[in-house]
Each structure stands twice: as structure tokens, then as C-alpha cells.
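Trainee: Please read through the structure below; I'll follow up with questions.
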Number of protein chains: 2
Amino acid sequence: MKVILQELHSRGHNITVLRSSKSWYIPSTSTFYTAVNVSMLEDESDKNQYTVMLHDVFECHRSLTFLRTFCQQRLLTALLENGHRILARAAALMLDDPVFIKKMQDVHFDLMLTDPALNLGVLLGSYLKLPMVYNVRWINVGEGHFSIAPSPVSYVPVPGSELNDNMGFQDRIKNMLHYLYNAVTLHFIINPYYSDLLQRHFPPGTDLLSLQQRADIWLIRTDFVFEFPRPTMPNVVYIGGFQAQRAKHLPTELEDFMQSSGDHGVVVMSLGTFVHGLPRDTTEAIAAAFAELPQKVVWRFTGERPSSLGNNTLLVDWMPQNDLLGHPKTRAFVAHGGTNGMYEAIYHGVPVLGLPLLFDQFDNVERLKVRGAARMLEAGFLTKENFLEALKDVLSNPSYRRNIQLLSQLHRNRPMSPMDTAIFWIEYVIRNKGAAHLQSVGSTLPWYIYYSLDVALVLMTIIVAFMWTAVFTCRLICCRRFSRKMKEE
Amino acid sequence: MKVILQELHSRGHNITVLRSSKSWYIPSTSTFYTAVNVSMLEDESDKNQYTVMLHDVFECHRSLTFLRTFCQQRLLTALLENGHRILARAAALMLDDPVFIKKMQDVHFDLMLTDPALNLGVLLGSYLKLPMVYNVRWINVGEGHFSIAPSPVSYVPVPGSELNDNMGFQDRIKNMLHYLYNAVTLHFIINPYYSDLLQRHFPPGTDLLSLQQRADIWLIRTDFVFEFPRPTMPNVVYIGGFQAQRAKHLPTELEDFMQSSGDHGVVVMSLGTFVHGLPRDTTEAIAAAFAELPQKVVWRFTGERPSSLGNNTLLVDWMPQNDLLGHPKTRAFVAHGGTNGMYEAIYHGVPVLGLPLLFDQFDNVERLKVRGAARMLEAGFLTKENFLEALKDVLSNPSYRRNIQLLSQLHRNRPMSPMDTAIFWIEYVIRNKGAAHLQSVGSTLPWYIYYSLDVALVLMTIIVAFMWTAVFTCRLICCRRFSRKMKEE
């Protein structure tokens with residue numbers, strides 16, 4: 001969100017950011033926005049819960065393949081439940097506070113830009129009746145499209161299922177079960193948290209989904225180089241890769257390290273911001289494998305230094321990931337599979353060895369894997385040997401690099417950069433005070449009307465009645481004739 | 001198609017056009033393309049059949065409102081049947097001719113650009129395995145989207161139904177019947193013409209729809225300023241209004257006529273290229289109504305001069321329609337409702353009085369009417385009085401102009417002009433040798449898999465079996481206990 005805000009600011013927009021008063025990653029003062037604090041009841045940035053969760057994920061990895069995804073989904077549900085409990089209470093504090101609401105109304109905002117994964121923006125924006133633009137990938141228990149576009153589960157993989165768009169019968173059973181699991185989670189676990197709040201502040205019959213579906217534009221953080229082709233809607237705009245940009249110069253020290261790798265080049269490894277707690281034996285295995293490579297390695301690592309670390313490996317607290325991936329010496333990216341990292345790999349054409357740990361990371365790596373641009377290793381089963389084999393494969397088999405560079409070429413080949421596209425549509429909604437003409441009426445229909453069940457029932461009744469009448473009439477005529485014949489005889 | 005070819009030529013592409021040897025509107029020599037003649041068995045440009053048909057349409061207009069659209073659809077089916085009979089035979093002549101096929105193969109075309117309403121391009125392009133881009137609005141018996149994107153008939157009006165996206169129960173019954181009518185027409189009337197041909201030249205199981213669905217990009221000649229918002233697909237690109245452009249200067253004579261209208265301005269009337277045969281009493285009524293206007297009128301008219309024509313009305317054989325609609329003196333557009341004319345009206349923001357006669361014209365005018373940018377008159381019921389009332393309403397009520405200018409603003413407000421968009425995607429397919437990554441696998445699935453019916457059946461069987469077992473086991477236990485009790489007693 002931050003890079004979009006910076007871009008909007010650079011184009012002269014005035015921005016107000018609603019931040020949790022406990023947030024550690026959204027500073028309360030900034031040169032490019034005014035911050036308004038809202039009370040979050042807990043600190044949403046509790047890193048430790050992910051480390052605890054990681055342990056459970058590793059347990060899941062050891063379960064049967066068919067059940068593993070459900071095991072992981074159950075962990076996610078627990079996390080979501082906790083999140084929505086906090087969010088719903090924070091939203092109630094906000095909407096129940098007439099002073100805060102008055103203050104917000106008085107500003108006369110042009111637009112609410114929000115990520116609907118956290119519903120605070122959706123609830124406040126709807127309450128203030130503001131035109132709304134989403135910067136979205138995840139919403140409720142699934143991916144953005146599932147809340148707005150038709151999503152036939154016969155070929156659209158449900159998030160969390162780790163499937164692709166080429167499914168056998170067993171895969172389709174699994175996909176359907178994931179779909180049903182998510183639907184049940186939404187209706188019976190997440191929705192109830194918001195029902196009191198919605199009843200108090202919105203017209204009767206409003207539910208979370210119907211509020212979410214009223215957004216003017218959905219800026220979805222994917223495109224069809226990454227996502228599998230599937231039905232979409234007129235008010236969905238694809239901005240996948242909006243944060244990737246041409247690599248800038250590296251700091252001298254890092255540049256020297258890169259150059260020292262010679263023709264072998266460098267492997268870059270990062271498992272993202274939130275994950276620190278890989279088990280000790282896993283990090284030792286990774287470090288030992290790295291030590292056997294002719295390449296150099298830059299590893300974003302915080303924690304106890306592995307004892308098996310080789311001389312070729314540089315541990316860093318933080319790395320300019322985009323600039324490293326865009327460096328000509330970079331040969332492979334060992335990553336957890338977050339969306340941003342995957343898009344940076346696509347943008348710069350660097351093949352990936354994915355070690356997905358949580359959330360969407362499995363699905364993300366799967367999307368590069370089926371295009372032949374990545375290998376995937378299950379972190380729960382990682383050993384020095386299989387890690388080394390997979391990494392050597394990614395480094396030496398030219399097909400990975402060829403495939404991701406093809407994706408890179410397709411991803412970059414668009415009429416307008418993803419960032420410019422995002423800004424265009426945000427400004428479009430401001431200029432035109434919404435985009436009602438792009439919103440389908442489908443989402444306002446009850447499900448039995450949407451699927452024409454009432455019409456089908458009436459037509460079928462007419463047909464059956466017609467056939468029954470026809471058969472009855474025929475019988476009557478036949479019987480009469482028969483009885484007449486009998487009489488004659 | 002011609003304006004796209006001109007644009008492609010101006011950007012340095014070499015173009016070969018396949019034309020019917022009898023075509024009167026595609027010249028065999030041109031500065032911007034090479035023509036290859038193909039044998040059409042009849043002349044596809046027989047204007048008289050539309051005049052004959054018009055008589056039947058007027059008959060339809062006099063039938064009940066609910067049935068009228070079906071009456072018109074029946075006429076269209078007859079026309080389509082004749083067309084596909086000719087096309088299928090022409091396609092057979094083409095594909096059965098090894099010399100012609102060899103000649104086409106030897107050129108190594110980069111791309112087939114075709115309108116799939118006439119299937120010759122689809123069949124030849126598929127046979128030659130060329131990347132394919134459609135310039136499309138109509139295909140088979142319906143609109144392009146119906147062949148490629150999910151189209152819930154609960155809110156997506158079926159072409160020919162004259163409905164909009166806000167349907168009551170009776171409307172939805174009608175829409176469903178139109179949908180079923182079209183499906184039956186496709187499967188039982190159109191498909192059989194091609195089955196022999198497909199069997200001879202394509203792998204077993206290939207049908208018309210499956211060939212059509214393999215196109216890389218669908219350039220659809222609408223956008224959501226005109227069309228009702230509905231599901232779409234990643235390889236659908238909207239180029240509605242691609243032919244409209246800034247108005248050029250009028251010829252001096254016409255400009256003088258326009259200026260002579262003073263503040264009252266000018267009404268422009270055209271019923272398109274194909275229609276000449278309005279009944280005499282209708283043209284007299286129109287001419288008499290025009291004579292009573294303070295405005296001047298430019299009327300594209302070929303035929304016998306109406307006796308009631310006023311001095312304010314200029315009859316012309318041909319008009320620079322786009323330039324006239326873009327002229328500041330133009331106040332209203334009386335039109336039959338062809339797509340091009342509607343988009344020129346939108347582009348220039350001129351309110352419309354629609355007199356739809358055939359085909360999609362009713363649906364087109366409906367789309368402007370529900371946005372408050374047009375009035376519609378049924379030609380079959382046209383009198384001097386109701387025509388004059390409707391036209392005066394369009395001229396004097398400012399809401400029509402306001403609404404169409406709002407549409408104009410939305411239509412023009414896009415990242416790239418429709419023509420540049422069309423060219424970008426055509427060149428995209430050439431550059432990338434197709435766009436397979438944008439084609440969903442949904443269209444390759446049999447319908448029972450697409451709708452997950454097999455999965456639903458298995459899951460339901462398991463649930464029923466489980467419940468049955470549970471009930472059976474309970475009963476068994478109860479019975480035993482009961483009989484033991486009995487024994488004990």
C-alpha cells in the first residue's frame with residue numbers, strides 16, 4: 001500500500017491514513033500522509049504468533065498429502081478467527097464513536113482506498129458512503145475473485161488447495177471440499193463477528209459480503225502471467241507486480257560481494273519479514289548446502305548463526321531485495337513465496353526455489369512451478385541433500401531461467417505499467433465519483449435468482465404439467481376407443 | 001474491419017485480405033492490402049433480402065409484446081440458416097482445395113484477424129494453426145461473450161430479447177426462453193452445416209464452438225459504457241467506439257447548410273447502409289414531422305422523394321456521419337441503432353431517437369434508452385404525431401443530452417484509445433506467437449465437468465451412504481436392545 005500512497009502523493013493528492021495506534025510498520029508521522037490513529041484492541045503485528053504457527057504447519061506437512069492442505073487451512077481459520085474478532089471490535093469502537101465519525105464526515109474525502117482483507121476500511125468507507133477502491137488479493141477466506149466473479153471450481157483452484165487449473169477427478173473433489181470449507185468458515189465463523197455491528201449501523205439484510213461487493217474498482221495484485229486464466233469482471237483491474245521496478249545500484253559493500261562471485265554468480269535467499277523461526281536443523285541443513293555451492297549466497301537471516309555456514313555465504317539483517325534480484329550476477333532466488341517476492345522474481349526473470357511456509361505461499365510457488373520457472377521444497381521435509389539437489393537443478397538446468405524470462409517478457413508487455421494502471425483507476429474513480437457503470441447487478445441478486453432456479457422451477461413445472469396433460473388425454477382417448485371396441489364386439 | 005486494417009498498414013504491417021470474389025464492398029485492389037479471392041457460392045451482399053425481411057419485421061411488431069422478440073428471432077434464424085449454408089459450402093471449397101491451402105501455408109502468416117460471425121476465417125485460421133484475433137460482436141446466434149464467458153441469464157440479457165440487466169420475473173422467463181431458443185438453434189440448425197467439414201479436416205470431436213473458443217484475443221466491439229456489466233475473460237479486450245474519431249471539416253455546401261440552422265441546430269438522420277425499403281407511409285410521416293421542426297434536418301435517404309418534405313430538410317445519398325455527429329450544430333441523431341452509429345453518438349455526445357429495424361438494433365437502442373440518452377420508437381407503429389412528439393422530447397428535454405454527454409465522458413476516459421488498444425493486442429499476439437496464457441481451460445471441459453456435476457454426484461452419494469449407514473446402525477442397535485429387553489421381561 002505504501003508505494004501506491006507515495007505515488008499518489010507525488011501526483012499531488014492529499015492522503016489521510018487510518019492507522020492502528022499500536023502499529024509498528026505504519027509511522028504516525030510521514031512526509032506524504034496525515035495519520036489518524038484508530039484503536040486496535042490488540043497489536044496486529046504480533047510476530048510471535050507466526051513462529052508458533054510455523055511449528056503447527058510443519059506438523060501438517062507430515063500428514064497425508066490429500067489432507068495436508070486442509071490441516072493448513074484449519075490453522076489459517078484459527079488465525080482469521082482471531083483477526084476478525086479483533087477487527088470487528090475495533091470497527092465497533094470506530095463506528096460507535098460519533099465524534100470520530102463526525103470528524104471523518106467533515107473532511108469530505110474523495111475516495112476510500114483500502115485492502116478488504118482487513119474489513120475496517122470497507123466498513124468505514126461504506127458507512128461514509130465514499131467511492132471505494134480496493135488494493136486486494138485476499139478477502140475473507142479466499143482470493144479476491146471468489147467474492148466478485150464467477151469461479152467454477154472445476155478449473156479455478158481454490159486458495160489453499162495448492163492445485164492448478166489442470167485438475168483430475170480427485171483434485172476436483174479436493175477443490176470442491178476446499179470451496180465448501182471456505183464457504184462454511186465465512187458464514188459460520190467470520191460473519192457472526194460482524195452481525196451486531198452491521199445491524200446497528202447498516203440497513204437490514206446487509207452482510208459483510210454485500211458491503212464488500214459494492215467497491216467501485218478492485219485493483220487485484222496479480223495478473224494472468226502469474227494467476228491461472230479464469231472469469232473476471234469489468235471493475236477488476238490487474239496490478240500484479242506494481243511494486244517491482246528497475247534495480248537501483250547496490251551499496252558498495254554488497255556490490256563488491258556480488259562482483260566477487262565471478263561467473264558463478266549469486267544465490268539470493270529471503271523468507272520474508274515475518275518468519276524467523278525456522279527449526280535449527282533446517283537452517284543448519286540450508287547453510288551446509290550453501291557451503292557446497294560454487295556460487296556466493298546473500299541470505300537474509302536474523303537469529304542464531306548456523307554453525308555449518310560456509311565462507312561463500314553472507315548473512316544480512318535486511319536486503320534491498322528488488323535491487324538484488326535485478327542484479328546481473330543473481331542466478332537464483334530461494335524464497336518463501338510471498339506475492340511481492342514472486343512478482344519481483346518474474347519482473348527480473350530470476351528462477352525460484354520455493355520453500356513455502358504459510359498462507360498463500362504454497363499456491364504462489366505452485367503458479368511458478370507449473371510454468372517451469374520454479375522448484376518447490378516442503379520445508380517440513382527439507383534436508384541438506386534434497387535442498388542441494390533442488391538448488392543445483394534450478395541453477396544448472398537452463399529451462400527454469402528460460403521459462404521465467406518468458407514470463408518476465410509477457411508480464412512487462414502491457415499497455416501501461418501496473419503502477420500507472422493502479423493510479424489511473426484510482427483517479428478515474430475520483431474524477432467520476434465512482435464507477436457504478438462497471439458494477440454488475442449480479443452481486444445484488446439472491447442466490448436462487450442468480451442461478452435462475454425460480455425460472456427453471458416454473459418452466460419445468462409447465463413442461464411436466466403439459467406432458468402429464470398430454471399423457472392423460474391420450475389415455476382417456478385410448479380407453480374410450482378400447483371400451484367402444486369392446487362394446488361393439 | 002477496414003479502419004483497423006488501415007491502421008495496421010500505417011504501422012508497417014503487410015496485410016492479405018481474403019475476400020469473396022463477388023464482394024462489392026471489399027475492392028480486389030487496394031493500396032493497403034493484397035487481396036486473395038475465395039469463392040462464395042452466392043453473393044453475400046444481397047441487399048434485397050433485408051428489404052423483404054423488413055416487411056416481416058413490421059408484421060412482428062404488430063404481434064404481442066412478449067412474443068414479438070421471438071417472432072423477430074425466428075426471422076433472424078432463417079437468415080442465419082441461409083448464411084451458414086453458404087458459408088459452410090464456401091469453407092468446404094476452400095479447405096478441400098490443396099492448391100489454395102498450400103498457397104496459404106507457404107506465406108507463413110503471423111496472425112489471422114477475423115470476424116467470427118462469418119466462420120470462414122475461424123475455419124481457415126484453425127486449419128493453418130495460426131494465432132487468431134477476433135474483431136467480434138456477434139457469433140453464432142448470440143453476442144461474443146456468450147461463447148466465451150459465464151453468462152448468468154438472471155441478469156445478462158440474451159441478444160434479441162430487448163431486455164436490460166434489471167429484469168423482473170417475467171423478463172427472466174423471457175430471457176431464459178431466448179437463451180434456450182438460441183442454444184437449440186446453434187446445436188440443431190447451425191452446427192449440422194459444418195459437421196461434415198469438421199469431420200473431414202479436424203480431429204474427432206471438434207465442433208464449431210470449440211474451434212471458435214481457441215482464439216487468442218477477442219477484440220469485442222463494445223465497452224461497459226454501452227454494454228451492461230457482466231462476467232468477462234482475461235483474453236477479452238474492449239474496443240467499442242474504435243472507429244469514432246474527432247470530426248473533420250464538412251464539405252463547404254454541407255457546412256453552409258449546418259450554419260444556416262442558427263441556434264436551433266440540426267437533426268441528423270440515417271438508417272444505415274442496408275435499409276432502403278421503409279414503407280411509403282412511414283417515410284411520408286417522418287418527412288411531414290421534420291417539416292414542422294424549427295431545426296434543419298440532414299437525412300440520408302435513397303428512394304422516392306417524400307411528397308411531404310419540408311424546406312428545412314436536406315436529402316443526401318451519403319453522409320460523413322461521424323463528422324456530422326461531431327459538428328457543434330448537431331442536436332439529435334435519428335438512427336436505426338447499428339453499433340457503429342451508437343458509438344459515434346456516444347463519442348460525440350449526441351442524443352438519439354432510435355428507430356430499430358433489424359438484428360441487434362433493438363438491443364443497441366435499449367442500451368442508450370435505459371441510460372436516459374435515447375428514445376425508442378417502434379417503426380411498425382410510427383406515425384407523424386408520435387415521431388414528432390418523441391423527436392421534440394429528445395431535442396427539448398436537456399436530460400438526454402446531459403446523459404449521453406456523461407456516457408461520452410466515461411467512454412473517452414480510458415488509458416488508451418480503443419483503436420490503439422486493438423492494435424496493441426493484435427501486435428501482442430504477433431510478438432508472443434499467441435496468448436495461450438490468457439486462455440482459460442474452462443472451455444475445453446465437457447459441460448458436466450465444467451459445472452462439477454460429477455463431483456457433486458460423488459459427494460452426495462457419499463453423504464447419503466453415510467447417513468443411510470448411520471440410520472441403519474442406529475436401528476440395529478435399538479432393535480437389539482428392544483429385543484433383549486423383551487427377552488429379559
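Ligands are numbered from 1 in the order shown, chains are lettered A, B, ... in the order of the C-alpha cells, and residues start at 1 in each chain.
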Using DSSP on the backbone coordinates, identify the residues of region 185-429 of chain B assigned to strand (DSSP E or B); present them as a PyMOL selection string.
Mentor: chain B and resi 217-220+232+236-238+266-270+296-300+313-316+330-335+352-354+374-376
Trainee: Show which residues sit within 9 Å of Gly142 (chain B), as a PyMOL selection string. Count only C-alpha atoms, and ignore same-chain residues fewer than 5 positions away.
Mentor: chain B and resi 137+147+158-160+179+182
Trainee: For chain A, list the residues within 8 Å of chain B, counting only C-alpha atoms, and write the list as a PyMOL selection string.
Mentor: chain A and resi 149-150+152-155+165-166+169+172-173+176+224-225+228-234+410+413+415-416+421+424+428+432+437-442+449-452+455+459
Trainee: Between CA of Thr469 (chain B) and CA of Val184 (chain A), what distance in Å does the model show, to one decimal?
Mentor: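 Result for CA of Thr469 (chain B) versus CA of Val184 (chain A): 24.7 Å, one decimal.
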Trainee: Could you check the closest approach to Gly272 (chain B) for each of B:Leu355, B:Leu208, B:Leu93, B:Val122 and tell me which residue wins, using only C-alpha atoms?
Mentor: B:Leu355
Trainee: Could you jot down the CA of Val365 (chain B) to CA of Tyr347 (chain B) separation for me, Å, one decimal place?
Mentor: 15.1 Å
